[in-house]
Structure formats: structure tokens, C-alpha cells
Amino acid sequence: MDHGISIIKEQQKAIIDTIKNITRGDWKILVLDQQSKALIDNAVKEDDILNHNIANIELIEERREMNQTMDAIYILSPLPHIVECLLADFERRRYKRSFLVWIGVPSPDLNRRLQVARQQIAGFESLFIDFIPQESHLVTFRDPWAFPIFYHPACNNLVAGYMRELAAKIAAVCITLGEMPKVRFYSPKTATHEASVLCSHLARFVQKELDDFREWDPNFPPQSSRPQGILLITDRSMDLMAPILHEFTYQAMAHDLLPIKDSIKPTFHMTINEGTPNAEEKDAELSDKDKVWVENRHRHMKDTIDKLMGDFQKFLDQNPNFTDKNQDTTSLNAIKDMLAGLPQFQEMKEAYSLHLTMAQEAMNIFQKHKLPDIASVEQTMATGLDEDFKKPKNILDQVVRLLDDKGVTPLDRLRLIAAYILYRDGVILEDIKRLLAHSSLPVADMQKMINLELLGAQPVRPLKGFRTPPPPLFPPNTKNLAQSEEYALSRFEPALKHMLEDACRGVLDQTVFPYTIPPADPNEDALAAQGSLRSAAPRWASANRRQVENRQRIIVFVAGGATYSESRVCYEISEKQNKDVFLVTTHMTTPSLFLRQVGDLSVDRRRLDLPQDRPKPKAPAHIFERPAPPQQAPRPMAPPGGPQQRPPPRVAPPGGSQPPTKALGAMTISGGGGSSISSSSSSRPQDEWPSTGGSDGKAGKLTKEKEKKKRNIFGIKK
């Protein structure tokens, strides 16, 4: 399956090209900070960096040796405490010359502070790479705190500043992809919740960032035969069912049911060679490097298991020497036992052991906790239709029966109640209490249900009076829905899929998804879509590289967390519509995380531990330490009463106190902000900065010392 471009490779190329353009065959030191290192480690192998004339990689926050014979490339986060570390390096003249590369755009204040070291700066530029690609078409900012910032009533004063930061990151994704897209945003028609204007404001901030960047770089976007891209800005409130329901495709099911550690690269803890003397514990990485994972992650779990077992059977047929003809190859456990006896195929064995283990554990939970019964009721409530695509009857009885079942976990009971409240467009408060009591759930969980109102739902309806339920955002399409019984538990599709399908056909409602800059012709997209369909190459031509490069790119941003079902949808639309659809989000969410965050919307803000409420990071104390003065040879004793030498004066630490932060005012598009791409001169090309580091080592002595230093570094590394 060819998904065309990969955002991971595009970011990797931007990093490597920047390093190559600076080193130009001359050896240099690379200096990173913790944040930029995590970002670069995710995209680039260390060996790939060292192979481009990088002698060593150092962290700016750590103690480092002086190296005044070599130049340094700094790739840093534009943060005040990192600038403190940088100024300390300049004051000591730690390196010969310095090339500064920022992963984002420094604020004007940070730029002013760097002016004092202008003579040591040989190059100065911004790389717009402040985001972490998780997959080829999935980018996450790894920021779950976005949810309370956007939806917690006590966080209103943080929203404007946070939006500017977020807009700069969204623009960075577009810039890395070489796209100047049409920007559209979700604007609900009848919403009454305060965050209903979230997408509107964020879209305008992003539009300003892109406009500013194009003004600074008149060659952006680069020339291309692709149709102009589209950026669709949405938020979690557009679809509240998706993060609650059980999804039975492999990736979504695994993240929902299994203890996957969601670090920069998700990992699953397992035992390799279990039951043998060579057994060992391992955190297996679930990333694009794992071909078995990539090939199966969006399949229905039934198809995933069939594929894993089929592939293993194919391997046995090709390697008959490794198996007993009488062995069972029709069960997951039997295949896992056979894998343990194949040490010759370690890489293949580990990959299949991992996914057979994950599939088996997920299916055990599926059966033990009555997920088929739960999912059947969930699908009916989410779609508003039963398995025969008719209006359902006796839904409450089915829900109550499951709430009574001891095999249903407390979390699944809460998910059922939430889905029922959304399906009914609210119930009276007393009914919520009854459902929770019937489920033996704590009364505190009632607040989670009530808090759904902050995301645009109407969980509580008055005792008297009639309220007309709002029309669905995308009316259900019952045509061609005849499905086999095996997939009856997967009838629901996220609203994001319907949005993308309408966008690809050029019929996405412009009143619900308006443009930041309306097109001159309102029918422009519909006409473009018709032309695209007429000229689309047949499916057998998809291997043609040129066709892949010409595919239109659609970037979907989901504020407040996206689900793995929504990630799956983006890949499916890419394949079906011959587009490249990228999902960008503040963070990936799961049902347990979503409900926990909804519950936190009513707690005291001080308990949320928001990064914005923590003490600001400070530069490590050791950067202010001064090296001891060199030992001097003892002098002859001075005659009594003679002059005495005074100690040298102490140098004050750099940086000093930081300026006070201005309080956020009313949110305006032109209100400035430290993260604006063109707000300062930080993005100047390198040659605008003076190169005052002297010649590139023409003196023989310096060259010898430099080569010696290189050999020592590589010796240590080996």
C-alpha cells in the first residue's frame, strides 16, 4: 500500500539538509537541548547525523568541555532558559564559531538578548520542525494539556497565548510539506458552549502565520503541479461518540485495551522467548519501522489474526524443515510456541511474537468482558439504527441489562452511560443518578456526564418541556450498508470521515466549514473535484511515482485530541480518493483518557498541574560556575610592607532577571505574540550575520589540534 509522501521523511530531510548546508565538508560539533533532541531522535538516526561531518553531539544543559578549535551547530528550542545556556557558552567562547538553528521562531525579546554575542554568531536561521510525526501521515504535538486549556472554564486566560503557539506549530507542518493551503474551520451552527469559537480563532491565527511566512519568503510555496492543499481545523467537540465507542481495528483496539506506553514512540512490554532459558523482557516499539504493524494496524481484528496466521503458515510452507507436520498451526498459542523454537529467524520471530501476543491478549479481553454485547448496543446508539438499519427499540433495557452484568468493567459501564446520554440528547438529572447507582459507579462520575456540556453536548434536559434534538452534522447514509455479520460491530464511522469525503467531492458545507479567505467562486472546489475525478488514473497506475507526487494534500487538525479510528480514516481516504491526508492533533486520546479529562474539567485548576502554572524552567546552576583561575608559579617573597596583588574581580552571571510577562489581553488576530513566524528578524538567512570566527583553520597548529580532537572523539565513541 503506497501512501505517497511521509511527513517523517520530510522532517528528516529538512534536518539533514540544514546540517549539510552548514558543515559543507568541515567537521563541527552539534549541540542540542532536551526538547530538540527528542524531536530529532524521532526523525533521524544518530549515525545519519554523524555521517555528515558531525564530530560529536552534545546537550546544552549538560557540562561540556571547552572546544575552541571547532565550530558548533546549535539546533535549539527558542526558550528563555535555553538562551541563558547559549549566552553562557558565548561568554566563555566555548566553541570557535556558532551557527544557530532554532526549531521554531524566537521571540523578539530572545533575539534582543542574543545581540550581545553577535560577533560570535556565524549563521542564524529557523527550521520549522517543532512537531513530532508519529507515523507517515500522523503528527502529534504530544500536548494533552490542550484539552483543559481549551475546555476548562478556569483556563480562559491561557487560550489566546496557547493558540498562537499552536498556530505556529500547525503552520510549521504546512511549511515542511511545502503547502500554502486553503484554510477552513469547523463552525457549529447552533452551539451554545463557550469553546464553539475555538476553531474560528485558531484558523485565523494559522492563516496569519502562513501569510507572514509567505511575505518573508516570496518563493513559498515551491512550484508544484499538485492542486492547492486544504487545511481543515476541527476540535474534539465535533464528534463526541468517537472517543467513547469500542473500535475493533487492530491499532485502535490495542490502544484501548492493552497497556501500551504512549511515549514519543508507543511501546508494548512483552517477554521474548517466553518459557525458554533465553527469555527476556523487552519494550517493543510500535512504529513505521515495524512492517507487520504498518500492514495490519488498520485491519479489523478478525482480518489481522487471519493475516498473521496466514503469513506464518506461508513461512512454514516455504521452510518445511522447521516444523513437525503433526503440529497445530490453527491457534495463536500454538503458533507462538512454534516461534519460540526458531532462533534462526530472530527479527521475523520477534515481530510475529509481538503481534500474536497483542492480538491474543486483546481477544481475551474481548471475550472476557462481554465486548461483543457492549459494542452491539454502542453501534446502535452511535448510528441511531439497529443492525437491520431500522430505528432501534428498547435501547434502555439493553443498556440496563449490561450495566447489571458483572463481566462488564466499570469503565465500560461509564462509556455505555455516556453513549446513552449522547444518543438521547440528554436525560433528566435523576436518570443519570439512577444509571450510575445501577452500575455501582461512584456519584462523582455524574460530574463527568454533566461536564460533556462544556464540549457542546446537552447531557441534562429539564424535567418539563420538549427540546428538539439538533440534526446530525452528517445525515446517515443507509445505501450500500449491507454488511456481513462479522462487521456488524463496526457500522459507526467518525464524523471526520464524512467531512473528508465531502471535502474530496467539493461539497463540504461552507456554512459549517467556512474559509478564512472565501474563494472568488463558491463552486471552485466542486469544479476542481469533478476535474480531479475525470483525470484520476486507474488503480493499477498507483505505482507511478509521478502520480503520487501530484496528489492533492489535505491536512486535518483536531484540537483537544484525536482518536485512532480517526487516524485510520485518514489513511483510508488517502487510498480511496488518491489524496494524501495528514492527521495533525494536539495529542492522541483513548476512551479512558478522554473520560478522565472530561471529569477534570470541573476540578480546581491548581490540581491540573498545567505546564503554564508550573515554575518556568531555569538554566542549570552549573552554567553560572566559573572555572578556577590557573595556578601561577610562586613568586619571590616581597619585602615586608611591599605591594600586594589584588584578586581578580568576579564576573556577574549572564542573563540577569527576566522581564515580566505581559498579561493576555482580548484575543485579536493582529495582537502580536512571541511565536509569530515573521515577528522578528530571527529567520534571516545565514549570510546576513557576520562571520567573525577567523579563517577556517589555515594555521597549521590549529589544524593539528582540530584533527587530534576529531580522533579523540571518534575513539571515545567507538
# chains A, B, ... in the order shown; residues from 1 in each chain; ligands from 1
call {"tool": "select_by_dssp", "arguments": {"residues": "segment 16-130 of chain A", "states": "strand (DSSP E or B)", "output": "ChimeraX atom specification"}}
result
/A:28-32,54-59,67,71-76,95,98-102,121-126
call {"tool": "residues_around", "arguments": {"residues": "Leu422 of chain A", "least_positions_apart": "6", "cutoff": "10 Å", "atoms": "only C-alpha atoms", "output": "PyMOL selection string"}}
result
chain A and resi 240-241+381-382+416+449+452+457-459
call {"tool": "write_last_selection", "arguments": {"atoms": "N, CA, C and O atoms", "output": "compact mmCIF listing (two decimals), in the first residue's frame"}}
result
# COMPACT_ATOMS: atom_id res chain seq x y z
N LEU A 240 -18.31 13.56 19.62
CA LEU A 240 -18.10 13.08 20.99
C LEU A 240 -18.30 11.57 21.11
O LEU A 240 -17.93 10.99 22.13
N MET A 241 -18.88 10.95 20.10
CA MET A 241 -19.06 9.49 20.14
C MET A 241 -17.74 8.76 19.87
O MET A 241 -17.45 7.73 20.48
N MET A 381 -26.61 2.96 19.28
CA MET A 381 -26.77 4.32 19.81
C MET A 381 -25.97 5.33 18.97
O MET A 381 -26.43 6.45 18.75
N ALA A 382 -24.80 4.94 18.50
CA ALA A 382 -23.94 5.87 17.75
C ALA A 382 -24.50 6.17 16.37
O ALA A 382 -24.38 7.29 15.87
N LEU A 416 -20.90 3.26 28.38
CA LEU A 416 -22.27 2.97 27.95
C LEU A 416 -23.23 4.09 28.36
O LEU A 416 -24.08 4.52 27.57
N MET A 449 -20.40 13.22 33.33
CA MET A 449 -21.51 13.30 32.37
C MET A 449 -21.95 14.76 32.19
O MET A 449 -22.19 15.21 31.07
N LEU A 452 -19.83 17.09 29.94
CA LEU A 452 -19.92 16.99 28.48
C LEU A 452 -20.53 18.24 27.87
O LEU A 452 -20.34 18.54 26.69
N ALA A 457 -22.25 19.18 24.15
CA ALA A 457 -23.38 18.26 24.34
C ALA A 457 -24.41 18.90 25.26
O ALA A 457 -24.13 19.92 25.91
N GLN A 458 -25.57 18.30 25.35
CA GLN A 458 -26.61 18.76 26.28
C GLN A 458 -27.02 17.57 27.13
O GLN A 458 -28.07 16.95 26.91
N PRO A 459 -26.18 17.20 28.11
CA PRO A 459 -26.39 15.95 28.85
C PRO A 459 -27.62 15.97 29.77
O PRO A 459 -28.18 14.91 30.04
call {"tool": "atom_distance", "arguments": {"atom1": "atom CA of Met238 of chain A", "atom2": "atom CA of Lys208 of chain A"}}
result
24.0 Å
call {"tool": "residues_around", "arguments": {"residues": "Leu583 of chain A", "least_positions_apart": "4", "cutoff": "10 Å", "atoms": "only C-alpha atoms", "output": "PyMOL selection string"}}
result
chain A and resi 133+135-140+232+554-558+562+566-571
call {"tool": "select_by_dssp", "arguments": {"residues": "segment 30-182 of chain A", "states": "helix (DSSP H, G or I)", "output": "ChimeraX atom specification"}}
result
/A:34-43,46-50,80-92,108-120,146-151,153-176
call {"tool": "write_last_selection", "arguments": {"atoms": "C-alpha atoms", "output": "tab-separated table (two decimals), in the first residue's frame"}}
result
chain	number	residue	atom	x	y	z
A	34	GLN	CA	16.43	18.06	25.64
A	35	GLN	CA	13.40	19.14	23.59
A	36	SER	CA	15.14	19.46	20.23
A	37	LYS	CA	16.98	16.17	20.85
A	38	ALA	CA	13.70	14.29	21.40
A	39	LEU	CA	12.36	15.76	18.17
A	40	ILE	CA	15.49	14.95	16.14
A	41	ASP	CA	15.88	11.44	17.63
A	42	ASN	CA	12.33	10.68	16.49
A	43	ALA	CA	13.09	11.57	12.87
A	46	GLU	CA	22.29	9.35	15.11
A	47	ASP	CA	24.59	7.68	12.58
A	48	ASP	CA	22.93	9.62	9.75
A	49	ILE	CA	23.83	12.85	11.56
A	50	LEU	CA	27.42	11.81	12.35
A	80	PRO	CA	14.38	31.61	27.72
A	81	HIS	CA	16.34	29.08	29.80
A	82	ILE	CA	17.95	27.64	26.65
A	83	VAL	CA	19.02	31.14	25.59
A	84	GLU	CA	20.59	31.51	29.08
A	85	CYS	CA	22.68	28.39	28.39
A	86	LEU	CA	23.61	29.71	24.96
A	87	LEU	CA	24.74	33.09	26.31
A	88	ALA	CA	26.89	31.28	28.89
A	89	ASP	CA	28.61	29.41	26.03
A	90	PHE	CA	29.21	32.69	24.20
A	91	GLU	CA	30.62	34.36	27.28
A	92	ARG	CA	33.15	31.57	27.73
A	108	PRO	CA	11.78	39.46	19.71
A	109	ASP	CA	12.88	39.57	23.36
A	110	LEU	CA	15.11	36.49	22.97
A	111	ASN	CA	16.54	37.92	19.76
A	112	ARG	CA	17.46	41.16	21.53
A	113	ARG	CA	19.28	39.23	24.24
A	114	LEU	CA	21.38	37.49	21.60
A	115	GLN	CA	22.60	40.76	20.07
A	116	VAL	CA	25.37	40.98	22.69
A	117	ALA	CA	27.03	37.91	21.14
A	118	ARG	CA	26.56	38.93	17.52
A	119	GLN	CA	30.27	38.73	16.75
A	120	GLN	CA	30.38	35.01	17.60
A	146	ALA	CA	-4.57	21.32	25.32
A	147	PHE	CA	-7.83	19.71	26.45
A	148	PRO	CA	-8.20	21.58	29.76
A	149	ILE	CA	-6.76	24.79	28.28
A	150	PHE	CA	-9.50	24.84	25.64
A	151	TYR	CA	-12.43	23.50	27.66
A	153	PRO	CA	-13.67	27.41	32.38
A	154	ALA	CA	-10.82	28.48	34.66
A	155	CYS	CA	-8.25	28.41	31.83
A	156	ASN	CA	-9.72	31.19	29.69
A	157	ASN	CA	-6.75	33.48	30.33
A	158	LEU	CA	-4.39	30.91	28.75
A	159	VAL	CA	-6.27	30.40	25.50
A	160	ALA	CA	-5.01	33.33	23.39
A	161	GLY	CA	-1.32	32.74	24.08
A	162	TYR	CA	-1.67	28.99	23.66
A	163	MET	CA	-3.46	29.44	20.33
A	164	ARG	CA	-0.54	31.47	18.99
A	165	GLU	CA	1.89	28.71	19.95
A	166	LEU	CA	-0.37	26.08	18.40
A	167	ALA	CA	-0.84	28.11	15.20
A	168	ALA	CA	2.94	28.35	14.74
A	169	LYS	CA	3.23	24.54	15.02
A	170	ILE	CA	0.37	23.90	12.58
A	171	ALA	CA	1.96	26.36	10.15
A	172	ALA	CA	5.29	24.52	10.60
A	173	VAL	CA	3.67	21.28	9.38
A	174	CYS	CA	2.34	23.09	6.30
A	175	ILE	CA	5.74	24.72	5.64
A	176	THR	CA	7.55	21.37	5.96
call {"tool": "residues_around", "arguments": {"residues": "Met301 of chain A", "least_positions_apart": "5", "cutoff": "9 Å", "atoms": "only C-alpha atoms", "output": "PDB file with all heavy atoms, in the first residue's frame"}}
result
ATOM      1  N   PHE A 248     -12.827  -1.903  16.667  1.00  0.00           N
ATOM      2  CA  PHE A 248     -12.224  -3.235  16.577  1.00  0.00           C
ATOM      3  C   PHE A 248     -11.231  -3.379  15.434  1.00  0.00           C
ATOM      4  O   PHE A 248     -10.971  -4.486  14.974  1.00  0.00           O
ATOM      5  CB  PHE A 248     -13.323  -4.298  16.508  1.00  0.00           C
ATOM      6  CG  PHE A 248     -14.166  -4.321  17.758  1.00  0.00           C
ATOM      7  CD1 PHE A 248     -15.536  -4.138  17.694  1.00  0.00           C
ATOM      8  CD2 PHE A 248     -13.575  -4.476  19.003  1.00  0.00           C
ATOM      9  CE1 PHE A 248     -16.305  -4.125  18.844  1.00  0.00           C
ATOM     10  CE2 PHE A 248     -14.335  -4.467  20.158  1.00  0.00           C
ATOM     11  CZ  PHE A 248     -15.701  -4.291  20.088  1.00  0.00           C
ATOM     12  N   THR A 249     -10.665  -2.267  14.978  1.00  0.00           N
ATOM     13  CA  THR A 249      -9.487  -2.374  14.127  1.00  0.00           C
ATOM     14  C   THR A 249      -8.284  -2.496  15.059  1.00  0.00           C
ATOM     15  O   THR A 249      -8.310  -2.062  16.216  1.00  0.00           O
ATOM     16  CB  THR A 249      -9.353  -1.158  13.200  1.00  0.00           C
ATOM     17  OG1 THR A 249      -9.467   0.038  13.968  1.00  0.00           O
ATOM     18  CG2 THR A 249     -10.436  -1.179  12.132  1.00  0.00           C
ATOM     19  N   TYR A 250      -7.219  -3.105  14.555  1.00  0.00           N
ATOM     20  CA  TYR A 250      -6.120  -3.569  15.416  1.00  0.00           C
ATOM     21  C   TYR A 250      -5.492  -2.460  16.256  1.00  0.00           C
ATOM     22  O   TYR A 250      -5.381  -2.566  17.472  1.00  0.00           O
ATOM     23  CB  TYR A 250      -5.076  -4.256  14.530  1.00  0.00           C
ATOM     24  CG  TYR A 250      -3.879  -4.831  15.254  1.00  0.00           C
ATOM     25  CD1 TYR A 250      -3.974  -5.333  16.545  1.00  0.00           C
ATOM     26  CD2 TYR A 250      -2.631  -4.889  14.627  1.00  0.00           C
ATOM     27  CE1 TYR A 250      -2.867  -5.870  17.194  1.00  0.00           C
ATOM     28  CE2 TYR A 250      -1.530  -5.426  15.256  1.00  0.00           C
ATOM     29  CZ  TYR A 250      -1.647  -5.910  16.542  1.00  0.00           C
ATOM     30  OH  TYR A 250      -0.564  -6.432  17.179  1.00  0.00           O
ATOM     31  N   GLN A 251      -5.082  -1.363  15.620  1.00  0.00           N
ATOM     32  CA  GLN A 251      -4.385  -0.300  16.352  1.00  0.00           C
ATOM     33  C   GLN A 251      -5.275   0.329  17.414  1.00  0.00           C
ATOM     34  O   GLN A 251      -4.871   0.492  18.572  1.00  0.00           O
ATOM     35  CB  GLN A 251      -3.909   0.778  15.368  1.00  0.00           C
ATOM     36  CG  GLN A 251      -3.121   1.901  16.029  1.00  0.00           C
ATOM     37  CD  GLN A 251      -2.683   2.965  15.028  1.00  0.00           C
ATOM     38  OE1 GLN A 251      -3.434   3.321  14.123  1.00  0.00           O
ATOM     39  NE2 GLN A 251      -1.474   3.470  15.162  1.00  0.00           N
ATOM     40  N   MET A 253      -7.998  -0.869  18.826  1.00  0.00           N
ATOM     41  CA  MET A 253      -8.350  -1.853  19.851  1.00  0.00           C
ATOM     42  C   MET A 253      -7.177  -2.065  20.815  1.00  0.00           C
ATOM     43  O   MET A 253      -7.361  -2.152  22.032  1.00  0.00           O
ATOM     44  CB  MET A 253      -8.730  -3.172  19.181  1.00  0.00           C
ATOM     45  CG  MET A 253      -9.357  -4.202  20.098  1.00  0.00           C
ATOM     46  SD  MET A 253      -9.916  -5.635  19.129  1.00  0.00           S
ATOM     47  CE  MET A 253     -10.603  -6.656  20.439  1.00  0.00           C
ATOM     48  N   ASN A 296      -0.912  -4.159   9.173  1.00  0.00           N
ATOM     49  CA  ASN A 296      -2.112  -4.685   9.830  1.00  0.00           C
ATOM     50  C   ASN A 296      -2.856  -3.710  10.730  1.00  0.00           C
ATOM     51  O   ASN A 296      -3.978  -4.000  11.140  1.00  0.00           O
ATOM     52  CB  ASN A 296      -1.741  -5.925  10.662  1.00  0.00           C
ATOM     53  CG  ASN A 296      -1.378  -7.113   9.808  1.00  0.00           C
ATOM     54  OD1 ASN A 296      -2.234  -7.780   9.248  1.00  0.00           O
ATOM     55  ND2 ASN A 296      -0.081  -7.385   9.689  1.00  0.00           N
ATOM     56  N   ASP A 306      -6.326 -13.393  10.973  1.00  0.00           N
ATOM     57  CA  ASP A 306      -6.255 -14.257   9.788  1.00  0.00           C
ATOM     58  C   ASP A 306      -4.978 -13.999   9.000  1.00  0.00           C
ATOM     59  O   ASP A 306      -4.328 -14.937   8.518  1.00  0.00           O
ATOM     60  CB  ASP A 306      -7.473 -14.013   8.883  1.00  0.00           C
ATOM     61  CG  ASP A 306      -8.765 -14.543   9.487  1.00  0.00           C
ATOM     62  OD1 ASP A 306      -8.684 -15.324  10.465  1.00  0.00           O
ATOM     63  OD2 ASP A 306      -9.854 -14.170   8.996  1.00  0.00           O
ATOM     64  N   ALA A 359      -2.489  -9.534  19.796  1.00  0.00           N
ATOM     65  CA  ALA A 359      -3.795  -9.964  19.283  1.00  0.00           C
ATOM     66  C   ALA A 359      -4.466 -10.926  20.254  1.00  0.00           C
ATOM     67  O   ALA A 359      -5.669 -10.824  20.521  1.00  0.00           O
ATOM     68  CB  ALA A 359      -3.619 -10.623  17.918  1.00  0.00           C
ATOM     69  N   MET A 363      -7.983 -10.198  22.280  1.00  0.00           N
ATOM     70  CA  MET A 363      -9.136 -11.078  22.087  1.00  0.00           C
ATOM     71  C   MET A 363      -9.585 -11.710  23.402  1.00  0.00           C
ATOM     72  O   MET A 363     -10.779 -11.953  23.604  1.00  0.00           O
ATOM     73  CB  MET A 363      -8.804 -12.165  21.057  1.00  0.00           C
ATOM     74  CG  MET A 363      -8.671 -11.646  19.638  1.00  0.00           C
ATOM     75  SD  MET A 363     -10.075 -10.629  19.093  1.00  0.00           S
ATOM     76  CE  MET A 363     -11.406 -11.827  19.154  1.00  0.00           C
TER      77      MET A 363
END
call {"tool": "residues_around", "arguments": {"residues": "Thr468 of chain A", "least_positions_apart": "4", "cutoff": "12 Å", "atoms": "only C-alpha atoms", "output": "NGL selection string"}}
result
:A and (190 or 424-426 or 458 or 461)
call {"tool": "write_last_selection", "arguments": {"atoms": "C-alpha atoms", "output": "tab-separated table (two decimals), in the first residue's frame"}}
result
chain	number	residue	atom	x	y	z
A	190	THR	CA	-26.45	26.01	16.92
A	424	ARG	CA	-30.86	10.65	23.82
A	425	ASP	CA	-29.53	14.22	23.51
A	426	GLY	CA	-29.70	14.43	27.30
A	458	GLN	CA	-26.61	18.76	26.28
A	461	ARG	CA	-32.59	18.14	29.96
call {"tool": "closest_residue", "arguments": {"among": "A:Leu385, A:Val292, A:Met358, A:Gln228", "to": "Pro259 of chain A", "atoms": "only C-alpha atoms"}}
result
A:Met358
call {"tool": "closest_residue", "arguments": {"among": "A:Ile54, A:Ala559, A:Met588, A:Leu210", "to": "Thr516 of chain A", "atoms": "only C-alpha atoms"}}
result
A:Leu210
call {"tool": "atom_distance", "arguments": {"atom1": "atom CA of Gly178 of chain A", "atom2": "atom CA of Gln134 of chain A"}}
result
19.2 Å
call {"tool": "decode", "arguments": {"residues": "segment 388-401 of chain A", "atoms": "N, CA and C atoms", "output": "PDB file, in the first residue's frame"}}
result
ATOM      1  N   ASP A 388     -30.242  -4.020  11.522  1.00  0.00           N
ATOM      2  CA  ASP A 388     -31.023  -4.122  10.288  1.00  0.00           C
ATOM      3  C   ASP A 388     -31.277  -2.750   9.671  1.00  0.00           C
ATOM      4  N   PHE A 389     -30.568  -1.728  10.198  1.00  0.00           N
ATOM      5  CA  PHE A 389     -30.662  -0.344   9.725  1.00  0.00           C
ATOM      6  C   PHE A 389     -32.079   0.216   9.883  1.00  0.00           C
ATOM      7  N   LYS A 390     -32.710  -0.168  11.008  1.00  0.00           N
ATOM      8  CA  LYS A 390     -34.030   0.337  11.362  1.00  0.00           C
ATOM      9  C   LYS A 390     -33.946   1.091  12.680  1.00  0.00           C
ATOM     10  N   LYS A 391     -34.954   1.901  12.960  1.00  0.00           N
ATOM     11  CA  LYS A 391     -34.974   2.653  14.209  1.00  0.00           C
ATOM     12  C   LYS A 391     -35.007   1.674  15.378  1.00  0.00           C
ATOM     13  N   PRO A 392     -34.093   1.817  16.338  1.00  0.00           N
ATOM     14  CA  PRO A 392     -33.986   0.819  17.413  1.00  0.00           C
ATOM     15  C   PRO A 392     -35.135   0.899  18.419  1.00  0.00           C
ATOM     16  N   LYS A 393     -35.367  -0.228  19.090  1.00  0.00           N
ATOM     17  CA  LYS A 393     -36.380  -0.297  20.141  1.00  0.00           C
ATOM     18  C   LYS A 393     -35.734  -0.834  21.417  1.00  0.00           C
ATOM     19  N   ASN A 394     -36.279  -0.409  22.542  1.00  0.00           N
ATOM     20  CA  ASN A 394     -35.867  -0.934  23.855  1.00  0.00           C
ATOM     21  C   ASN A 394     -34.367  -0.770  24.133  1.00  0.00           C
ATOM     22  N   ILE A 395     -33.787   0.343  23.687  1.00  0.00           N
ATOM     23  CA  ILE A 395     -32.359   0.572  23.926  1.00  0.00           C
ATOM     24  C   ILE A 395     -32.059   0.638  25.422  1.00  0.00           C
ATOM     25  N   LEU A 396     -32.891   1.332  26.185  1.00  0.00           N
ATOM     26  CA  LEU A 396     -32.631   1.476  27.618  1.00  0.00           C
ATOM     27  C   LEU A 396     -32.580   0.115  28.299  1.00  0.00           C
ATOM     28  N   ASP A 397     -33.485  -0.795  27.929  1.00  0.00           N
ATOM     29  CA  ASP A 397     -33.478  -2.138  28.528  1.00  0.00           C
ATOM     30  C   ASP A 397     -32.158  -2.848  28.246  1.00  0.00           C
ATOM     31  N   GLN A 398     -31.662  -2.703  27.019  1.00  0.00           N
ATOM     32  CA  GLN A 398     -30.393  -3.361  26.667  1.00  0.00           C
ATOM     33  C   GLN A 398     -29.229  -2.758  27.449  1.00  0.00           C
ATOM     34  N   VAL A 399     -29.255  -1.425  27.623  1.00  0.00           N
ATOM     35  CA  VAL A 399     -28.195  -0.755  28.380  1.00  0.00           C
ATOM     36  C   VAL A 399     -28.222  -1.217  29.840  1.00  0.00           C
ATOM     37  N   VAL A 400     -29.406  -1.211  30.452  1.00  0.00           N
ATOM     38  CA  VAL A 400     -29.527  -1.584  31.866  1.00  0.00           C
ATOM     39  C   VAL A 400     -29.089  -3.031  32.074  1.00  0.00           C
ATOM     40  N   ARG A 401     -29.424  -3.905  31.141  1.00  0.00           N
ATOM     41  CA  ARG A 401     -29.030  -5.309  31.266  1.00  0.00           C
ATOM     42  C   ARG A 401     -27.506  -5.444  31.312  1.00  0.00           C
TER      43      ARG A 401
END
